[in-house]
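Dumped model.pdb below, it's PDB, C-alpha atoms, pLDDT in the B column:
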```
MODEL        1
ATOM      1  CA  MET F  10     -42.814   9.813 -17.751  1.00 41.00           C
ATOM      2  CA  GLY F  11     -43.130   7.287 -20.571  1.00 42.00           C
ATOM      3  CA  ARG F  12     -40.763   4.343 -20.756  1.00 39.00           C
ATOM      4  CA  GLU F  13     -39.251   2.699 -23.802  1.00 38.00           C
ATOM      5  CA  SER F  14     -39.080  -0.771 -22.266  1.00 35.00           C
ATOM      6  CA  SER F  15     -41.999  -2.539 -20.627  1.00 37.00           C
ATOM      7  CA  VAL F  16     -41.905  -3.425 -16.955  1.00 40.00           C
ATOM      8  CA  THR F  17     -43.761  -5.917 -14.808  1.00 48.00           C
ATOM      9  CA  MET F  18     -47.143  -5.262 -13.227  1.00 51.00           C
ATOM     10  CA  ASP F  19     -45.478  -4.971  -9.806  1.00 53.00           C
ATOM     11  CA  THR F  20     -43.262  -2.217 -11.198  1.00 55.00           C
ATOM     12  CA  VAL F  21     -46.308  -0.417 -12.602  1.00 60.00           C
ATOM     13  CA  HIS F  22     -47.966  -0.547  -9.189  1.00 57.00           C
ATOM     14  CA  THR F  23     -44.772   0.848  -7.686  1.00 59.00           C
ATOM     15  CA  CYS F  24     -44.680   3.627 -10.311  1.00 67.00           C
ATOM     16  CA  PHE F  25     -48.284   4.546  -9.682  1.00 66.00           C
ATOM     17  CA  LYS F  26     -47.869   4.448  -5.911  1.00 71.00           C
ATOM     18  CA  ASP F  27     -44.878   6.761  -6.192  1.00 77.00           C
ATOM     19  CA  LYS F  28     -46.881   9.200  -8.318  1.00 81.00           C
ATOM     20  CA  VAL F  29     -50.074   9.216  -6.197  1.00 83.00           C
ATOM     21  CA  GLY F  30     -50.780  12.790  -5.149  1.00 85.00           C
ATOM     22  CA  GLU F  31     -48.720  14.262  -7.981  1.00 87.00           C
ATOM     23  CA  VAL F  32     -49.958  16.252 -10.963  1.00 89.00           C
ATOM     24  CA  MET F  33     -50.312  14.274 -14.205  1.00 88.00           C
ATOM     25  CA  LEU F  34     -50.583  15.712 -17.709  1.00 89.00           C
ATOM     26  CA  PRO F  35     -52.199  14.303 -20.869  1.00 89.00           C
ATOM     27  CA  GLY F  36     -49.649  12.259 -22.784  1.00 87.00           C
ATOM     28  CA  ASP F  37     -47.913  10.705 -19.777  1.00 87.00           C
ATOM     29  CA  VAL F  38     -47.477   6.966 -20.403  1.00 86.00           C
ATOM     30  CA  PHE F  39     -46.843   3.958 -18.174  1.00 79.00           C
ATOM     31  CA  SER F  40     -45.841   0.727 -19.916  1.00 68.00           C
ATOM     32  CA  PHE F  41     -46.054  -2.754 -18.459  1.00 59.00           C
ATOM     33  CA  ALA F  42     -46.077  -6.463 -19.320  1.00 48.00           C
ATOM     34  CA  VAL F  43     -47.773  -9.179 -17.284  1.00 48.00           C
ATOM     35  CA  SER F  44     -45.183 -11.504 -15.814  1.00 48.00           C
ATOM     36  CA  ALA F  45     -45.544 -15.296 -15.915  1.00 46.00           C
ATOM     37  CA  GLU F  46     -45.200 -17.650 -12.960  1.00 50.00           C
ATOM     38  CA  GLU F  47     -42.444 -20.241 -12.791  1.00 49.00           C
ATOM     39  CA  ASP F  48     -44.763 -23.168 -13.578  1.00 54.00           C
ATOM     40  CA  GLY F  49     -45.723 -21.565 -16.880  1.00 55.00           C
ATOM     41  CA  VAL F  50     -49.121 -20.260 -15.757  1.00 54.00           C
ATOM     42  CA  VAL F  51     -49.562 -16.581 -16.547  1.00 50.00           C
ATOM     43  CA  LYS F  52     -50.552 -14.552 -13.531  1.00 54.00           C
ATOM     44  CA  VAL F  53     -53.037 -11.884 -14.541  1.00 51.00           C
ATOM     45  CA  GLU F  54     -53.275  -9.099 -12.009  1.00 59.00           C
ATOM     46  CA  LYS F  55     -56.001  -6.568 -12.633  1.00 73.00           C
ATOM     47  CA  LEU F  56     -55.260  -2.864 -12.736  1.00 78.00           C
ATOM     48  CA  VAL F  57     -58.456  -0.796 -12.758  1.00 82.00           C
ATOM     49  CA  CYS F  58     -58.251   2.490 -14.676  1.00 83.00           C
ATOM     50  CA  GLY F  59     -60.716   5.136 -13.568  1.00 82.00           C
ATOM     51  CA  PRO F  60     -61.525   8.546 -15.076  1.00 81.00           C
ATOM     52  CA  GLY F  61     -58.548  10.197 -16.767  1.00 85.00           C
ATOM     53  CA  LEU F  62     -56.649   6.947 -17.447  1.00 88.00           C
ATOM     54  CA  ARG F  63     -56.944   4.740 -20.518  1.00 86.00           C
ATOM     55  CA  ARG F  64     -55.669   1.232 -21.179  1.00 83.00           C
ATOM     56  CA  ASN F  65     -54.124   0.787 -24.627  1.00 82.00           C
ATOM     57  CA  GLY F  66     -52.562  -2.636 -25.121  1.00 77.00           C
ATOM     58  CA  GLU F  67     -49.595  -2.792 -22.775  1.00 75.00           C
ATOM     59  CA  GLU F  68     -49.701   0.902 -21.959  1.00 81.00           C
ATOM     60  CA  ILE F  69     -51.638   3.097 -19.580  1.00 85.00           C
ATOM     61  CA  LEU F  70     -52.231   6.558 -21.004  1.00 88.00           C
ATOM     62  CA  VAL F  71     -53.053   9.687 -19.026  1.00 90.00           C
ATOM     63  CA  CYS F  72     -55.757  11.598 -20.928  1.00 87.00           C
ATOM     64  CA  LYS F  73     -56.673  14.298 -18.383  1.00 85.00           C
ATOM     65  CA  SER F  74     -54.669  16.766 -16.364  1.00 87.00           C
ATOM     66  CA  GLY F  75     -55.051  16.480 -12.620  1.00 88.00           C
ATOM     67  CA  ILE F  76     -53.851  14.706  -9.502  1.00 88.00           C
ATOM     68  CA  LEU F  77     -53.364  10.930  -9.504  1.00 88.00           C
ATOM     69  CA  ARG F  78     -55.458   9.185  -6.839  1.00 86.00           C
ATOM     70  CA  ARG F  79     -55.505   5.578  -5.666  1.00 84.00           C
ATOM     71  CA  LYS F  80     -57.970   3.354  -3.857  1.00 82.00           C
ATOM     72  CA  ALA F  81     -56.758   0.034  -2.508  1.00 78.00           C
ATOM     73  CA  PRO F  82     -55.934  -2.389  -3.834  1.00 79.00           C
ATOM     74  CA  ASN F  83     -55.411  -1.335  -7.462  1.00 81.00           C
ATOM     75  CA  LEU F  84     -57.880   1.361  -8.571  1.00 84.00           C
ATOM     76  CA  TYR F  85     -56.313   4.528  -9.996  1.00 85.00           C
ATOM     77  CA  TRP F  86     -57.888   7.660 -11.435  1.00 85.00           C
ATOM     78  CA  ILE F  87     -57.162  11.319 -12.198  1.00 86.00           C
ATOM     79  CA  ASP F  88     -58.832  13.824  -9.885  1.00 83.00           C
ATOM     80  CA  SER F  89     -59.481  16.959 -11.935  1.00 80.00           C
ATOM     81  CA  GLN F  90     -61.664  20.057 -11.731  1.00 76.00           C
ATOM     82  CA  GLN F  91     -63.073  19.443 -15.192  1.00 76.00           C
ATOM     83  CA  LYS F  92     -66.356  21.152 -16.094  1.00 76.00           C
ATOM     84  CA  ARG F  93     -66.802  19.967 -19.697  1.00 82.00           C
ATOM     85  CA  TYR F  94     -68.826  16.767 -19.703  1.00 87.00           C
ATOM     86  CA  VAL F  95     -68.125  13.861 -22.042  1.00 86.00           C
ATOM     87  CA  PRO F  96     -71.037  11.363 -22.147  1.00 90.00           C
ATOM     88  CA  ALA F  97     -70.281   7.849 -20.922  1.00 88.00           C
ATOM     89  CA  LYS F  98     -72.493   4.767 -21.148  1.00 89.00           C
ATOM     90  CA  GLY F  99     -74.336   3.955 -17.920  1.00 91.00           C
ATOM     91  CA  GLU F 100     -73.989   7.383 -16.328  1.00 92.00           C
ATOM     92  CA  CYS F 101     -77.083   9.140 -14.988  1.00 94.00           C
ATOM     93  CA  VAL F 102     -77.410  12.807 -15.920  1.00 95.00           C
ATOM     94  CA  ILE F 103     -79.766  15.749 -15.595  1.00 96.00           C
ATOM     95  CA  GLY F 104     -80.939  16.899 -19.023  1.00 95.00           C
ATOM     96  CA  ILE F 105     -83.092  19.735 -20.315  1.00 96.00           C
ATOM     97  CA  VAL F 106     -85.642  18.921 -23.029  1.00 95.00           C
ATOM     98  CA  THR F 107     -85.010  21.362 -25.888  1.00 95.00           C
ATOM     99  CA  ALA F 108     -87.223  20.062 -28.707  1.00 94.00           C
ATOM    100  CA  LYS F 109     -89.720  17.432 -29.833  1.00 91.00           C
ATOM    101  CA  SER F 110     -88.959  15.742 -33.132  1.00 86.00           C
ATOM    102  CA  GLY F 111     -91.542  13.089 -34.041  1.00 84.00           C
ATOM    103  CA  ASP F 112     -91.174  10.263 -31.527  1.00 89.00           C
ATOM    104  CA  ILE F 113     -87.893  11.623 -30.175  1.00 93.00           C
ATOM    105  CA  PHE F 114     -87.103  14.302 -27.606  1.00 95.00           C
ATOM    106  CA  LYS F 115     -83.870  16.243 -27.952  1.00 95.00           C
ATOM    107  CA  VAL F 116     -82.128  16.690 -24.613  1.00 96.00           C
ATOM    108  CA  ASP F 117     -79.306  19.056 -23.659  1.00 95.00           C
ATOM    109  CA  VAL F 118     -76.913  17.250 -21.304  1.00 94.00           C
ATOM    110  CA  GLY F 119     -74.073  19.776 -21.409  1.00 91.00           C
ATOM    111  CA  GLY F 120     -71.966  17.768 -23.866  1.00 88.00           C
ATOM    112  CA  SER F 121     -70.731  18.632 -27.343  1.00 87.00           C
ATOM    113  CA  GLU F 122     -74.046  17.521 -28.886  1.00 90.00           C
ATOM    114  CA  GLN F 123     -77.608  16.915 -27.780  1.00 93.00           C
ATOM    115  CA  ALA F 124     -78.833  13.451 -26.853  1.00 94.00           C
ATOM    116  CA  SER F 125     -82.000  11.729 -28.047  1.00 95.00           C
ATOM    117  CA  LEU F 126     -84.711  10.349 -25.755  1.00 95.00           C
ATOM    118  CA  SER F 127     -87.522   8.177 -27.128  1.00 94.00           C
ATOM    119  CA  TYR F 128     -91.033   8.653 -25.760  1.00 93.00           C
ATOM    120  CA  LEU F 129     -91.124   4.858 -25.261  1.00 92.00           C
ATOM    121  CA  ALA F 130     -88.137   5.077 -22.895  1.00 93.00           C
ATOM    122  CA  PHE F 131     -90.390   5.911 -19.919  1.00 93.00           C
ATOM    123  CA  GLU F 132     -92.033   3.520 -17.474  1.00 92.00           C
ATOM    124  CA  GLY F 133     -95.481   2.477 -18.704  1.00 88.00           C
ATOM    125  CA  ALA F 134     -95.182   4.419 -21.968  1.00 87.00           C
ATOM    126  CA  THR F 135     -96.903   3.027 -25.088  1.00 87.00           C
ATOM    127  CA  LYS F 136     -97.891   4.429 -28.471  1.00 85.00           C
ATOM    128  CA  ARG F 137    -101.279   5.367 -27.018  1.00 87.00           C
ATOM    129  CA  ASN F 138    -100.085   6.324 -23.547  1.00 89.00           C
ATOM    130  CA  ARG F 139     -97.386   8.894 -24.189  1.00 88.00           C
ATOM    131  CA  PRO F 140     -95.488  10.561 -21.322  1.00 90.00           C
ATOM    132  CA  ASN F 141     -96.275  14.199 -20.573  1.00 89.00           C
ATOM    133  CA  VAL F 142     -92.941  15.777 -21.457  1.00 92.00           C
ATOM    134  CA  GLN F 143     -92.715  19.434 -22.487  1.00 92.00           C
ATOM    135  CA  VAL F 144     -89.879  21.551 -23.852  1.00 93.00           C
ATOM    136  CA  GLY F 145     -87.956  22.999 -20.913  1.00 92.00           C
ATOM    137  CA  ASP F 146     -88.642  20.075 -18.557  1.00 94.00           C
ATOM    138  CA  LEU F 147     -85.828  18.532 -16.538  1.00 95.00           C
ATOM    139  CA  VAL F 148     -85.289  14.795 -16.949  1.00 96.00           C
ATOM    140  CA  TYR F 149     -83.109  12.489 -14.893  1.00 96.00           C
ATOM    141  CA  SER F 150     -81.985   9.798 -17.314  1.00 95.00           C
ATOM    142  CA  GLN F 151     -79.274   7.287 -18.131  1.00 96.00           C
ATOM    143  CA  PHE F 152     -77.061   6.862 -21.194  1.00 95.00           C
ATOM    144  CA  ILE F 153     -77.442   3.584 -23.070  1.00 94.00           C
ATOM    145  CA  ILE F 154     -75.413   4.747 -26.079  1.00 92.00           C
ATOM    146  CA  ALA F 155     -72.466   7.099 -25.698  1.00 89.00           C
ATOM    147  CA  ASN F 156     -69.515   6.920 -28.047  1.00 85.00           C
ATOM    148  CA  LYS F 157     -67.763   9.220 -30.487  1.00 81.00           C
ATOM    149  CA  ASP F 158     -69.286   7.582 -33.586  1.00 85.00           C
ATOM    150  CA  MET F 159     -72.988   7.638 -32.651  1.00 88.00           C
ATOM    151  CA  GLU F 160     -75.535  10.104 -31.341  1.00 90.00           C
ATOM    152  CA  PRO F 161     -75.913   9.802 -27.540  1.00 94.00           C
ATOM    153  CA  GLU F 162     -79.145   8.088 -26.484  1.00 95.00           C
ATOM    154  CA  LEU F 163     -80.910   8.328 -23.121  1.00 96.00           C
ATOM    155  CA  VAL F 164     -83.551   6.256 -21.339  1.00 95.00           C
ATOM    156  CA  CYS F 165     -85.628   6.883 -18.216  1.00 95.00           C
ATOM    157  CA  ILE F 166     -86.007   3.200 -17.289  1.00 93.00           C
ATOM    158  CA  ASP F 167     -83.634   0.561 -15.962  1.00 91.00           C
ATOM    159  CA  SER F 168     -83.018  -2.910 -17.403  1.00 87.00           C
ATOM    160  CA  CYS F 169     -86.252  -4.157 -15.771  1.00 87.00           C
ATOM    161  CA  GLY F 170     -88.387  -1.427 -17.340  1.00 86.00           C
ATOM    162  CA  ARG F 171     -88.813   0.447 -14.041  1.00 90.00           C
ATOM    163  CA  ALA F 172     -88.297   4.184 -13.611  1.00 91.00           C
ATOM    164  CA  ASN F 173     -86.161   3.648 -10.490  1.00 90.00           C
ATOM    165  CA  GLY F 174     -86.081   7.382  -9.723  1.00 90.00           C
ATOM    166  CA  MET F 175     -85.638   8.504 -13.328  1.00 94.00           C
ATOM    167  CA  GLY F 176     -88.011  10.612 -15.392  1.00 93.00           C
ATOM    168  CA  VAL F 177     -89.351  14.171 -15.457  1.00 94.00           C
ATOM    169  CA  PHE F 178     -88.798  16.159 -12.253  1.00 92.00           C
ATOM    170  CA  GLY F 179     -87.940  19.649 -11.044  1.00 82.00           C
ATOM    171  CA  ALA F 180     -91.173  21.411 -10.201  1.00 80.00           C
ATOM    172  CA  ASP F 181     -89.824  24.536  -8.470  1.00 86.00           C
ATOM    173  CA  GLY F 182     -86.308  24.046  -7.104  1.00 91.00           C
ATOM    174  CA  LEU F 183     -83.047  25.446  -8.459  1.00 94.00           C
ATOM    175  CA  LEU F 184     -80.727  23.986 -11.091  1.00 95.00           C
ATOM    176  CA  PHE F 185     -77.042  24.980 -11.150  1.00 94.00           C
ATOM    177  CA  LYS F 186     -73.725  23.619 -12.383  1.00 93.00           C
ATOM    178  CA  VAL F 187     -70.616  22.501 -10.477  1.00 92.00           C
ATOM    179  CA  SER F 188     -67.370  20.772 -11.437  1.00 88.00           C
ATOM    180  CA  LEU F 189     -67.340  17.032 -12.159  1.00 87.00           C
ATOM    181  CA  GLY F 190     -64.959  16.530  -9.227  1.00 84.00           C
ATOM    182  CA  LEU F 191     -67.498  17.971  -6.772  1.00 90.00           C
ATOM    183  CA  VAL F 192     -70.230  15.803  -8.327  1.00 91.00           C
ATOM    184  CA  ARG F 193     -68.237  12.647  -7.553  1.00 87.00           C
ATOM    185  CA  ARG F 194     -67.781  13.826  -3.958  1.00 88.00           C
ATOM    186  CA  LEU F 195     -71.534  14.425  -3.612  1.00 92.00           C
ATOM    187  CA  LEU F 196     -72.376  11.007  -5.076  1.00 91.00           C
ATOM    188  CA  ALA F 197     -69.870   9.126  -2.918  1.00 88.00           C
ATOM    189  CA  PRO F 198     -71.440   6.731  -0.399  1.00 87.00           C
ATOM    190  CA  GLN F 199     -71.777   8.446   2.992  1.00 87.00           C
ATOM    191  CA  SER F 200     -70.780  11.809   1.491  1.00 89.00           C
ATOM    192  CA  GLU F 201     -69.579  14.115   4.287  1.00 90.00           C
ATOM    193  CA  ILE F 202     -70.752  17.224   2.406  1.00 92.00           C
ATOM    194  CA  VAL F 203     -74.326  15.916   2.166  1.00 91.00           C
ATOM    195  CA  LYS F 204     -74.312  14.779   5.798  1.00 91.00           C
ATOM    196  CA  ASP F 205     -73.143  18.205   6.991  1.00 90.00           C
ATOM    197  CA  LEU F 206     -75.756  19.973   4.845  1.00 91.00           C
ATOM    198  CA  GLU F 207     -78.602  17.834   6.177  1.00 89.00           C
ATOM    199  CA  LYS F 208     -77.833  19.126   9.674  1.00 88.00           C
ATOM    200  CA  ILE F 209     -78.654  22.687   8.544  1.00 90.00           C
ATOM    201  CA  PHE F 210     -81.817  22.381   6.411  1.00 87.00           C
ATOM    202  CA  PRO F 211     -84.035  19.553   5.189  1.00 91.00           C
ATOM    203  CA  PHE F 212     -83.842  19.560   1.401  1.00 92.00           C
ATOM    204  CA  GLU F 213     -84.185  17.467  -1.751  1.00 94.00           C
ATOM    205  CA  MET F 214     -81.295  17.062  -4.137  1.00 94.00           C
ATOM    206  CA  VAL F 215     -80.710  15.438  -7.523  1.00 95.00           C
ATOM    207  CA  VAL F 216     -77.127  15.133  -8.780  1.00 95.00           C
ATOM    208  CA  GLY F 217     -76.189  14.320 -12.374  1.00 95.00           C
ATOM    209  CA  MET F 218     -72.813  13.039 -13.498  1.00 93.00           C
ATOM    210  CA  ASN F 219     -72.770  15.868 -16.064  1.00 93.00           C
ATOM    211  CA  GLY F 220     -72.140  18.455 -13.345  1.00 92.00           C
ATOM    212  CA  ARG F 221     -75.718  19.611 -12.883  1.00 95.00           C
ATOM    213  CA  VAL F 222     -77.272  19.740  -9.435  1.00 95.00           C
ATOM    214  CA  TRP F 223     -80.932  20.416  -8.580  1.00 96.00           C
ATOM    215  CA  VAL F 224     -81.937  21.362  -5.025  1.00 95.00           C
ATOM    216  CA  LYS F 225     -85.197  22.267  -3.336  1.00 94.00           C
ATOM    217  CA  ALA F 226     -85.746  23.280   0.292  1.00 92.00           C
ATOM    218  CA  LYS F 227     -88.814  24.496   2.193  1.00 92.00           C
ATOM    219  CA  THR F 228     -88.360  28.131   1.156  1.00 92.00           C
ATOM    220  CA  ILE F 229     -86.662  29.950  -1.699  1.00 93.00           C
ATOM    221  CA  GLN F 230     -84.202  31.497   0.756  1.00 93.00           C
ATOM    222  CA  GLN F 231     -83.159  28.094   2.123  1.00 92.00           C
ATOM    223  CA  THR F 232     -82.865  26.719  -1.417  1.00 93.00           C
ATOM    224  CA  LEU F 233     -80.483  29.549  -2.363  1.00 93.00           C
ATOM    225  CA  ILE F 234     -78.439  29.024   0.811  1.00 92.00           C
ATOM    226  CA  VAL F 235     -78.044  25.286   0.100  1.00 93.00           C
ATOM    227  CA  ALA F 236     -77.003  26.001  -3.507  1.00 93.00           C
ATOM    228  CA  ASN F 237     -74.449  28.639  -2.418  1.00 93.00           C
ATOM    229  CA  LEU F 238     -73.015  26.302   0.217  1.00 93.00           C
ATOM    230  CA  LEU F 239     -72.613  23.489  -2.316  1.00 92.00           C
ATOM    231  CA  GLU F 240     -70.840  25.802  -4.770  1.00 91.00           C
ATOM    232  CA  SER F 241     -68.546  27.062  -2.003  1.00 91.00           C
ATOM    233  CA  CYS F 242     -67.430  23.470  -1.236  1.00 89.00           C
ATOM    234  CA  GLU F 243     -65.543  23.403  -4.542  1.00 84.00           C
ATOM    235  CA  ASN F 244     -62.144  24.422  -3.199  1.00 83.00           C
ATOM    236  CA  MET F 245     -62.618  24.146   0.571  1.00 87.00           C
ATOM    237  CA  THR F 246     -60.943  21.741   2.952  1.00 87.00           C
ATOM    238  CA  ALA F 247     -63.108  19.658   5.279  1.00 86.00           C
ATOM    239  CA  GLN F 248     -62.253  21.915   8.226  1.00 91.00           C
ATOM    240  CA  GLN F 249     -63.114  25.102   6.313  1.00 91.00           C
ATOM    241  CA  ARG F 250     -66.391  23.578   5.135  1.00 90.00           C
ATOM    242  CA  GLN F 251     -67.435  22.510   8.628  1.00 89.00           C
ATOM    243  CA  THR F 252     -66.620  25.974   9.995  1.00 90.00           C
ATOM    244  CA  LEU F 253     -68.740  27.634   7.293  1.00 91.00           C
ATOM    245  CA  PHE F 254     -71.659  25.244   7.789  1.00 89.00           C
ATOM    246  CA  ARG F 255     -71.538  25.757  11.552  1.00 88.00           C
ATOM    247  CA  ARG F 256     -71.702  29.542  11.136  1.00 89.00           C
ATOM    248  CA  VAL F 257     -74.681  29.224   8.799  1.00 89.00           C
ATOM    249  CA  ALA F 258     -76.466  26.883  11.218  1.00 85.00           C
ATOM    250  CA  GLU F 259     -75.908  29.356  14.059  1.00 84.00           C
ATOM    251  CA  GLY F 260     -77.287  32.174  11.912  1.00 77.00           C
ATOM    252  CA  SER F 261     -74.133  34.288  12.041  1.00 55.00           C
ATOM    253  CA  LEU F 262     -74.025  34.592   8.223  1.00 52.00           C
TER     254      LEU F 262
ENDMDL
END
```
Now, as a test, write the supplied structure out as structure tokens.
Amino acid sequence: MGRESSVTMDTVHTCFKDKVGEVMLPGDVFSFAVSAEEDGVVKVEKLVCGPGLRRNGEEILVCKSGILRRKAPNLYWIDSQQKRYVPAKGECVIGIVTAKSGDIFKVDVGGSEQASLSYLAFEGATKRNRPNVQVGDLVYSQFIIANKDMEPELVCIDSCGRANGMGVFGADGLLFKVSLGLVRRLLAPQSEIVKDLEKIFPFEMVVGMNGRVWVKAKTIQQTLIVANLLESCENMTAQQRQTLFRRVAEGSL
């Protein structure tokens, strides 16, 4: 897969287009060099690397196993059924408060280590007005620090100091875990899975990029049905999913 000599950006695009839909393995390498125009001006053409691909100088490294996907014009990523979550800055996740340590809450986000959440990282929180957060609570929060050399840090406010949907939640409801690939499908704009589910039952749903999903419907039975349907979407085609949802809506299951 790797090449000893570098090729032009057009060749890289051609290589990637040829490999779209094929299985990639960690360690596969694509090399390229940006070509210059005839008048001496260097033409820089962007190549956007999504999850599973990493830019390293003049090389593109595959760091996850999965299927190569492409979105026009030049966005590429690896579509994998990964369940282990690696924190990334800016991602919103569902965490579970596991401990209070002074002014810091320890939060389990499903990664290799727990993240920290300051009590001041809530909307309207001050030293006198502390948020009511207890061990075991669910929090929807965002990473502001996430790298291999530092402890992950979460906040429940945006850049303007507003909660914007983040904070403690989850009274009643059901929390379960799915693959990161299914999470991206649920969070996609105009998600077909969510649209099809809304036709069956009215429900609330919170989706974290760490693979955790929280749902709540009118009754416990409906909540369990929604959760089971979401988990069953993991390896189903669109036609299979629509058939299953239709049978549930008709009450035949």
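Those residues returned by the PyMOL selection byres ((chain F and resi 247-253) around 9) for this file are Glu201, Ile202, Asp205, Leu238, Ser241, Cys242, Met245, Thr246, Phe254, Arg255, Arg256, Val257, Ala258 and Leu262 of chain F.
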Can you tell me which residues surround Cys165 (chain F) at a distance of at most 6 Å, considering only C-alpha atoms, apart from same-chain residues fewer than 5 positions away, and format the answer as a ChimeraX atom specification?
/F:130-131,150,172,175-176
Need the shell around Ala124 (chain F): protein/DNA/RNA residues with any atom at most 12 Å away, counting only C-alpha atoms. Skip same-chain ones fewer than 5 positions apart. Format as a PyMOL selection string?
chain F and resi 95-97+102-109+113-119+148+150-156+159-164
Quick one: 4 Å padding each side, axis-aligned, all listed atoms of region 90-106 of chain F - centre and edge lengths in Å to one decimal, as AutoDock Vina command-line options?
```
--center_x -73.7 --center_y 12.6 --center_z -17.4 --size_x 32.0 --size_y 25.2 --size_z 19.3
```
Test item: residues at most 7 Å from Gln91 (chain F), all atoms listed in the file, excluding those fewer than 2 positions along its chain, as a list in words
Ser89, Arg93, Ser188, Leu189 and Gly190 of chain F
